[in-house]
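Here is the file protein06.cif (mmCIF, C-alpha atoms and all ligand atoms).
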```
data_data
#
loop_
_atom_site.label_atom_id
_atom_site.label_comp_id
_atom_site.auth_asym_id
_atom_site.auth_seq_id
_atom_site.Cartn_x
_atom_site.Cartn_y
_atom_site.Cartn_z
CA MET A 192 -57.93 79.74 -60.30
CA ASN A 193 -55.29 81.54 -62.39
CA ILE A 194 -52.37 82.59 -60.20
CA LEU A 195 -49.01 84.34 -60.77
CA PHE A 196 -46.12 84.14 -58.29
CA MET A 197 -43.75 87.10 -58.42
CA GLY A 198 -40.72 87.98 -56.35
CA PRO A 199 -36.94 88.17 -56.73
CA PRO A 200 -34.73 85.11 -57.21
CA GLY A 201 -34.74 83.12 -53.96
CA ALA A 202 -37.92 84.69 -52.58
CA GLY A 203 -39.45 81.22 -52.19
CA LYS A 204 -41.65 81.03 -55.30
CA GLY A 205 -40.75 77.42 -56.13
CA THR A 206 -40.92 76.27 -52.50
CA GLN A 207 -44.37 77.77 -52.02
CA ALA A 208 -45.66 76.74 -55.46
CA GLU A 209 -44.96 73.05 -54.66
CA ARG A 210 -47.27 73.39 -51.63
CA ILE A 211 -49.97 75.64 -53.06
CA VAL A 212 -50.69 73.60 -56.20
CA ASP A 213 -51.86 70.65 -54.09
CA THR A 214 -54.32 72.84 -52.17
CA PHE A 215 -55.77 74.52 -55.24
CA GLY A 216 -55.52 71.62 -57.71
CA VAL A 217 -53.76 73.58 -60.46
CA PRO A 218 -50.55 72.75 -62.37
CA HIS A 219 -47.26 74.45 -61.40
CA ILE A 220 -45.73 76.08 -64.48
CA SER A 221 -42.17 77.30 -63.91
CA THR A 222 -40.33 78.78 -66.91
CA GLY A 223 -37.04 78.26 -65.04
CA ASP A 224 -37.81 74.52 -64.63
CA ALA A 225 -38.80 74.31 -68.31
CA PHE A 226 -35.46 75.84 -69.36
CA ARG A 227 -33.46 73.60 -67.01
CA LEU A 228 -35.21 70.48 -68.35
CA ALA A 229 -34.54 71.51 -71.96
CA MET A 230 -30.89 72.23 -71.05
CA LYS A 231 -30.54 68.80 -69.43
CA GLN A 232 -32.04 67.13 -72.51
CA GLY A 233 -29.81 69.20 -74.82
CA THR A 234 -32.69 70.22 -77.11
CA PRO A 235 -32.29 73.26 -79.45
CA LEU A 236 -34.35 75.27 -76.94
CA GLY A 237 -32.07 74.10 -74.14
CA GLN A 238 -28.92 75.07 -76.04
CA LYS A 239 -30.31 78.54 -76.72
CA ALA A 240 -31.55 79.03 -73.14
CA LYS A 241 -28.21 77.92 -71.69
CA GLU A 242 -26.47 80.96 -73.23
CA TYR A 243 -28.58 83.17 -70.97
CA VAL A 244 -29.43 81.05 -67.89
CA ASP A 245 -25.76 80.21 -67.22
CA GLN A 246 -24.95 83.92 -67.11
CA GLY A 247 -27.91 84.79 -64.88
CA LEU A 248 -29.53 86.79 -67.70
CA LEU A 249 -33.16 86.65 -68.82
CA VAL A 250 -33.89 84.47 -71.85
CA PRO A 251 -35.31 86.61 -74.73
CA ASP A 252 -39.05 87.30 -74.56
CA GLU A 253 -40.01 85.62 -77.85
CA ILE A 254 -38.52 82.28 -76.71
CA THR A 255 -40.08 82.45 -73.25
CA ASN A 256 -43.50 83.58 -74.47
CA GLY A 257 -43.64 80.66 -76.93
CA ILE A 258 -43.07 78.11 -74.16
CA VAL A 259 -45.81 79.56 -71.97
CA ARG A 260 -48.27 79.85 -74.86
CA GLU A 261 -47.86 76.13 -75.65
CA ARG A 262 -48.04 75.08 -72.02
CA LEU A 263 -51.25 77.01 -71.26
CA GLN A 264 -53.00 75.21 -74.08
CA LEU A 265 -52.57 71.79 -72.44
CA GLU A 266 -55.68 70.25 -70.94
CA ASP A 267 -54.51 70.32 -67.31
CA CYS A 268 -54.67 74.14 -67.41
CA ASN A 269 -58.43 74.08 -67.93
CA SER A 270 -58.91 74.17 -64.16
CA GLY A 271 -56.40 77.03 -63.78
CA PHE A 272 -52.63 77.37 -63.35
CA LEU A 273 -49.89 78.70 -61.14
CA LEU A 274 -47.25 80.54 -63.18
CA ASP A 275 -43.92 80.82 -61.31
CA GLY A 276 -41.23 83.06 -62.82
CA PHE A 277 -43.34 84.36 -65.70
CA PRO A 278 -43.92 87.12 -66.68
CA ARG A 279 -40.59 88.84 -65.96
CA THR A 280 -40.69 91.77 -68.38
CA LEU A 281 -43.41 94.21 -69.40
CA GLN A 282 -43.42 92.63 -72.87
CA GLN A 283 -44.05 89.18 -71.32
CA ALA A 284 -46.86 90.58 -69.15
CA GLU A 285 -48.56 92.10 -72.18
CA ALA A 286 -48.07 88.90 -74.17
CA LEU A 287 -49.65 86.91 -71.32
CA ASP A 288 -52.65 89.27 -71.26
CA GLY A 289 -53.05 88.63 -75.00
CA MET A 290 -52.79 84.83 -74.65
CA LEU A 291 -55.36 84.75 -71.86
CA ALA A 292 -57.74 87.10 -73.71
CA GLU A 293 -57.63 84.74 -76.72
CA MET A 294 -58.57 81.89 -74.35
CA GLY A 295 -61.34 83.95 -72.73
CA ARG A 296 -59.53 83.87 -69.38
CA SER A 297 -57.84 86.28 -67.00
CA ILE A 298 -55.52 86.42 -63.99
CA ASP A 299 -57.21 86.09 -60.58
CA HIS A 300 -54.30 86.83 -58.21
CA VAL A 301 -50.70 88.00 -58.42
CA VAL A 302 -48.82 87.04 -55.25
CA ASN A 303 -45.59 88.98 -54.62
CA LEU A 304 -43.17 87.43 -52.11
CA LYS A 305 -41.16 90.22 -50.49
CA VAL A 306 -37.65 89.35 -49.19
CA ASP A 307 -34.67 91.59 -48.44
CA ARG A 308 -31.70 91.36 -50.87
CA GLY A 309 -29.17 90.25 -48.20
CA LEU A 310 -31.32 87.28 -47.26
CA LEU A 311 -31.80 86.30 -50.91
CA LEU A 312 -28.07 85.76 -51.37
CA ALA A 313 -27.93 83.44 -48.35
CA ARG A 314 -30.98 81.53 -49.55
CA LEU A 315 -29.71 80.99 -53.07
CA THR A 316 -26.12 80.04 -52.31
CA GLY A 317 -27.39 77.51 -49.69
CA ARG A 318 -30.10 76.00 -51.88
CA ARG A 319 -29.93 72.31 -52.81
CA ILE A 320 -32.30 70.50 -55.19
CA CYS A 321 -33.14 66.81 -55.62
CA LYS A 322 -31.89 65.40 -58.93
CA ALA A 323 -34.71 62.86 -59.00
CA CYS A 324 -37.87 64.68 -57.89
CA GLY A 325 -36.90 68.39 -57.91
CA ALA A 326 -37.72 69.00 -54.23
CA THR A 327 -35.97 72.09 -52.84
CA TYR A 328 -33.92 72.25 -49.62
CA HIS A 329 -31.59 74.69 -47.90
CA VAL A 330 -28.43 73.67 -46.04
CA MET A 331 -29.41 75.83 -43.05
CA PHE A 332 -33.04 76.98 -43.37
CA ASN A 333 -34.62 73.74 -44.62
CA PRO A 334 -32.07 70.90 -44.40
CA PRO A 335 -32.82 67.30 -45.35
CA VAL A 336 -32.63 64.71 -42.53
CA GLN A 337 -29.54 63.18 -44.12
CA GLU A 338 -27.04 65.59 -45.70
CA GLY A 339 -27.11 65.50 -49.52
CA VAL A 340 -30.08 63.09 -49.69
CA CYS A 341 -33.72 63.91 -50.52
CA ASP A 342 -36.19 63.16 -47.68
CA LYS A 343 -38.98 62.46 -50.15
CA CYS A 344 -37.35 60.02 -52.59
CA GLY A 345 -33.76 59.32 -51.47
CA GLY A 346 -32.41 61.14 -54.56
CA GLU A 347 -29.08 62.97 -54.63
CA LEU A 348 -29.10 66.72 -53.96
CA TYR A 349 -27.20 69.19 -56.18
CA GLN A 350 -26.53 72.92 -56.42
CA ARG A 351 -27.86 74.87 -59.41
CA SER A 352 -25.14 76.26 -61.71
CA ASP A 353 -26.61 79.78 -61.42
CA ASP A 354 -26.62 79.74 -57.60
CA THR A 355 -23.02 80.96 -57.23
CA GLU A 356 -22.50 84.37 -55.62
CA ALA A 357 -21.48 86.10 -58.89
CA LYS A 358 -24.45 84.79 -60.87
CA VAL A 359 -26.91 85.53 -58.08
CA GLY A 360 -25.72 89.18 -58.26
CA THR A 361 -26.51 89.34 -61.99
CA ARG A 362 -29.91 87.68 -61.46
CA LEU A 363 -30.85 90.19 -58.76
CA ASP A 364 -29.79 93.07 -61.05
CA GLU A 365 -31.93 91.63 -63.87
CA TYR A 366 -34.86 91.43 -61.45
CA ILE A 367 -34.48 95.06 -60.36
CA SER A 368 -34.04 96.50 -63.85
CA LYS A 369 -36.57 94.40 -65.78
CA THR A 370 -39.03 92.61 -63.48
CA SER A 371 -39.73 94.78 -60.44
CA LEU A 372 -41.66 97.31 -62.54
CA LEU A 373 -44.33 94.64 -63.08
CA LEU A 374 -45.44 95.18 -59.48
CA ASP A 375 -46.85 98.57 -60.52
CA TYR A 376 -48.40 96.99 -63.61
CA TYR A 377 -50.38 94.46 -61.55
CA SER A 378 -51.04 96.82 -58.68
CA GLY A 379 -52.65 99.19 -61.21
CA LYS A 380 -54.95 96.35 -62.25
CA GLY A 381 -55.90 95.67 -58.60
CA LEU A 382 -54.47 92.13 -58.73
CA LEU A 383 -51.37 92.42 -56.52
CA ARG A 384 -51.24 90.63 -53.15
CA GLU A 385 -48.11 91.34 -51.09
CA VAL A 386 -46.84 88.57 -48.78
CA ASN A 387 -43.89 88.74 -46.38
CA GLY A 388 -41.62 85.98 -47.70
CA GLU A 389 -39.13 86.34 -44.84
CA LYS A 390 -41.25 84.36 -42.36
CA GLU A 391 -41.01 80.58 -41.75
CA ILE A 392 -41.91 78.48 -44.79
CA ASP A 393 -45.16 77.18 -43.18
CA GLU A 394 -46.23 80.68 -42.16
CA VAL A 395 -45.69 81.99 -45.69
CA THR A 396 -47.77 79.11 -47.07
CA GLY A 397 -50.55 80.00 -44.62
CA GLU A 398 -50.50 83.64 -45.64
CA ILE A 399 -50.58 82.86 -49.36
CA THR A 400 -53.42 80.37 -48.89
CA ALA A 401 -55.41 82.98 -46.99
CA CYS A 402 -54.76 85.57 -49.72
CA LEU A 403 -55.90 83.22 -52.45
CA ARG A 404 -59.02 82.27 -50.50
CA GLY A 405 -59.80 85.97 -50.18
CA SER A 406 -59.60 86.07 -46.38
CA LEU A 407 -56.63 88.45 -46.19
P1 LIG B 1 -36.00 80.56 -62.13
O1 LIG B 1 -35.82 79.11 -62.03
O2 LIG B 1 -37.37 81.11 -62.26
O3 LIG B 1 -35.21 81.22 -60.94
P2 LIG B 1 -35.50 82.53 -60.04
O4 LIG B 1 -36.62 83.42 -60.33
O5 LIG B 1 -34.16 83.15 -60.04
O6 LIG B 1 -36.03 81.96 -58.79
P3 LIG B 1 -35.44 80.82 -57.98
O7 LIG B 1 -35.89 79.49 -58.49
O8 LIG B 1 -33.94 81.01 -57.88
O9 LIG B 1 -35.99 81.15 -56.54
P4 LIG B 1 -37.41 80.87 -55.86
O10 LIG B 1 -38.09 82.16 -55.62
O11 LIG B 1 -38.18 79.80 -56.57
O12 LIG B 1 -36.87 80.35 -54.46
P5 LIG B 1 -36.91 78.90 -53.80
O13 LIG B 1 -38.29 78.51 -53.44
O14 LIG B 1 -36.10 77.90 -54.59
O15 LIG B 1 -35.18 81.14 -63.38
C1 LIG B 1 -33.85 80.71 -63.64
C2 LIG B 1 -33.37 81.36 -64.93
O16 LIG B 1 -34.20 80.94 -66.04
C3 LIG B 1 -33.41 82.89 -64.97
O17 LIG B 1 -32.26 83.48 -64.40
C4 LIG B 1 -33.50 83.15 -66.50
O18 LIG B 1 -32.25 82.98 -67.12
C5 LIG B 1 -34.43 82.02 -66.95
N1 LIG B 1 -35.85 82.40 -66.92
C6 LIG B 1 -36.84 81.84 -66.15
N2 LIG B 1 -38.02 82.45 -66.37
C7 LIG B 1 -37.78 83.42 -67.30
C8 LIG B 1 -38.62 84.41 -67.92
N3 LIG B 1 -39.93 84.52 -67.63
N4 LIG B 1 -38.04 85.24 -68.82
C9 LIG B 1 -36.73 85.13 -69.14
N5 LIG B 1 -35.89 84.24 -68.58
C10 LIG B 1 -36.41 83.39 -67.66
O19 LIG B 1 -36.13 79.22 -52.43
C11 LIG B 1 -34.75 79.58 -52.42
C12 LIG B 1 -34.06 78.91 -51.22
O20 LIG B 1 -34.56 79.48 -50.01
C13 LIG B 1 -34.30 77.39 -51.09
O21 LIG B 1 -33.14 76.78 -50.64
C14 LIG B 1 -35.42 77.27 -50.03
O22 LIG B 1 -35.34 76.08 -49.31
C15 LIG B 1 -35.16 78.49 -49.16
N6 LIG B 1 -36.39 79.09 -48.65
C16 LIG B 1 -37.55 79.31 -49.34
N7 LIG B 1 -38.47 79.91 -48.54
C17 LIG B 1 -37.87 80.09 -47.33
C18 LIG B 1 -38.30 80.66 -46.10
N8 LIG B 1 -39.55 81.18 -45.96
N9 LIG B 1 -37.44 80.66 -45.07
C19 LIG B 1 -36.18 80.15 -45.20
N10 LIG B 1 -35.70 79.58 -46.34
C20 LIG B 1 -36.55 79.56 -47.40
ZN ZN B 2 -36.36 63.78 -54.25
#
```
How does this structure look as structure tokens?
Amino acid sequence: MNILFMGPPGAGKGTQAERIVDTFGVPHISTGDAFRLAMKQGTPLGQKAKEYVDQGLLVPDEITNGIVRERLQLEDCNSGFLLDGFPRTLQQAEALDGMLAEMGRSIDHVVNLKVDRGLLLARLTGRRICKACGATYHVMFNPPVQEGVCDKCGGELYQRSDDTEAKVGTRLDEYISKTSLLLDYYSGKGLLREVNGEKEIDEVTGEITACLRGSL
């Protein structure tokens, strides 16, 4: 199954993707994770991406499209994929259509997680991530058993550099001006599935699973 997760920063795309990929047996492809890894490794891609990510701005389309094109060609995508955070501009959406057409494939579902802007700010500024395994927590909404320590692997939790209040504001503005118009694009193709992302994490997972199984 070929799935896209859409929604503003902090809507829960990464949290839900971690859960959904196990159920559907597809790889989780996050362009944000790819940029953060390259930044951590200090590669030329990472240095370029850092100029944008650190300011809360979108990385240019040609860079982002290249990463996704390479990733989709890997063997583990033969059974499908879950793209999280891509596409984010009309140009990226059209590029993705082109890549998939070349591969003789197409998108099955676009899941949009809907969350109010005020809640997004609270979610993002309270988010903590495991340095070792990447698991996501929230200081209030999804806290680890022991403060600052990952439940799954004992790793140390950290706050993303773009999760400060000022940068979250820029990211939300980028979403509204460049990404939200993609909802019409996918709705017009009959692919859009709207899910209320404000419910409890387990409830949201249940709703997405039902959508993808075609029972909602
Ligand atoms: P990216 O990493 O994709 O960030 P994002 O879209 O801003 O999304 P987030 O990861 O912040 O949020 P999420 O929806 O995954 O929420 P999460 O599950 O963590 O992109 C980062 C940057 O990379 C961009 O700004 C840009 O510079 C660049 N980039 C990436 N892709 C690009 C592209 N295609 N083009 C150009 N540039 C690109 O949840 C958030 C918090 O809420 C967590 O703490 C979680 O525990 C909590 N939470 C989740 N669900 C619930 C719930 N139901 N109830 C209560 N709490 C919840
Ligand atoms: Zn961990």
Between A:Cys341, A:Met290, A:Met192, A:Ala313, which has the minimum distance to A:Thr327 (counting all atoms listed in the file)?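 Closest candidate: A:Cys341.
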Stretch 360-368 of chain A, all listed atoms, 8 Å padding on each side: what axis-aligned box centre and edge lengths in Å to one decimal come out, as AutoDock Vina command-line options?
```
--center_x -30.3 --center_y 92.1 --center_z -61.1 --size_x 25.1 --size_y 24.8 --size_z 21.6
```
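With all atoms listed in the file as the atoms that count, the set of residues no farther than 7 Å from ligand ZN 2 (chain B) is A:Cys321, A:Lys322, A:Ala323, A:Cys324, A:Gly325, A:Ala326, A:Cys341, A:Asp342, A:Lys343, A:Cys344, A:Gly345, A:Gly346.
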Kindly work out which residues sit at most 7 Å from ligand LIG 1 (chain B), using all atoms listed in the file, and give the list as a PyMOL selection string. chain A and resi 198-207+221-224+226+243-244+247-252+255+275-279+314-315+317-319+327-329+332-333+362+388-392+395
Atom CA of A:Gly237 and atom CA of A:Leu273 are how many Å apart?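 The value is 22.5 Å.
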Residue nearest A:Ser297 among A:Ala284, A:Ile399, A:Ala225, A:Val336 (counting only C-alpha atoms):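 Result for the nearest residue to A:Ser297: A:Ala284.
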Quick one: residues within 8 Å of (-27.9, 71.2, -60.8) (file frame), counting only C-alpha atoms, please, as a ChimeraX atom specification. /A:320,322,349-352
Restricting to all atoms listed in the file, whichever of A:Ala292, A:Val359, A:Ile194, A:Leu373 is closest to A:Leu312 is A:Val359
Atom pair atom CA of A:His300 / atom CA of A:Asp288: separation (Å):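 Pair atom CA of A:His300 / atom CA of A:Asp288 returns 13.4 Å.
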Using all atoms listed in the file, pick whichever of A:Leu228, A:Ala240, A:Val340, A:Leu274 has the shortest atom-to-atom distance to A:Asp299. A:Leu274
Distance of atom CA of A:Lys358 from atom CA of A:Leu304, expressed in Å to one decimal place: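 These two atoms are separated by 20.8 Å.
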Hey, which of A:Arg384, A:Thr234, A:Ser371, A:Leu287 ends up closest to A:Glu261? Count all atoms listed in the file.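 Under the stated criterion, the closest residue is A:Leu287.
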Quick one: residues within 9 Å of A:Ser270, all atoms listed in the file, excluding same-chain residues fewer than 6 positions away - as a PyMOL selection string? chain A and resi 192-193+216-218
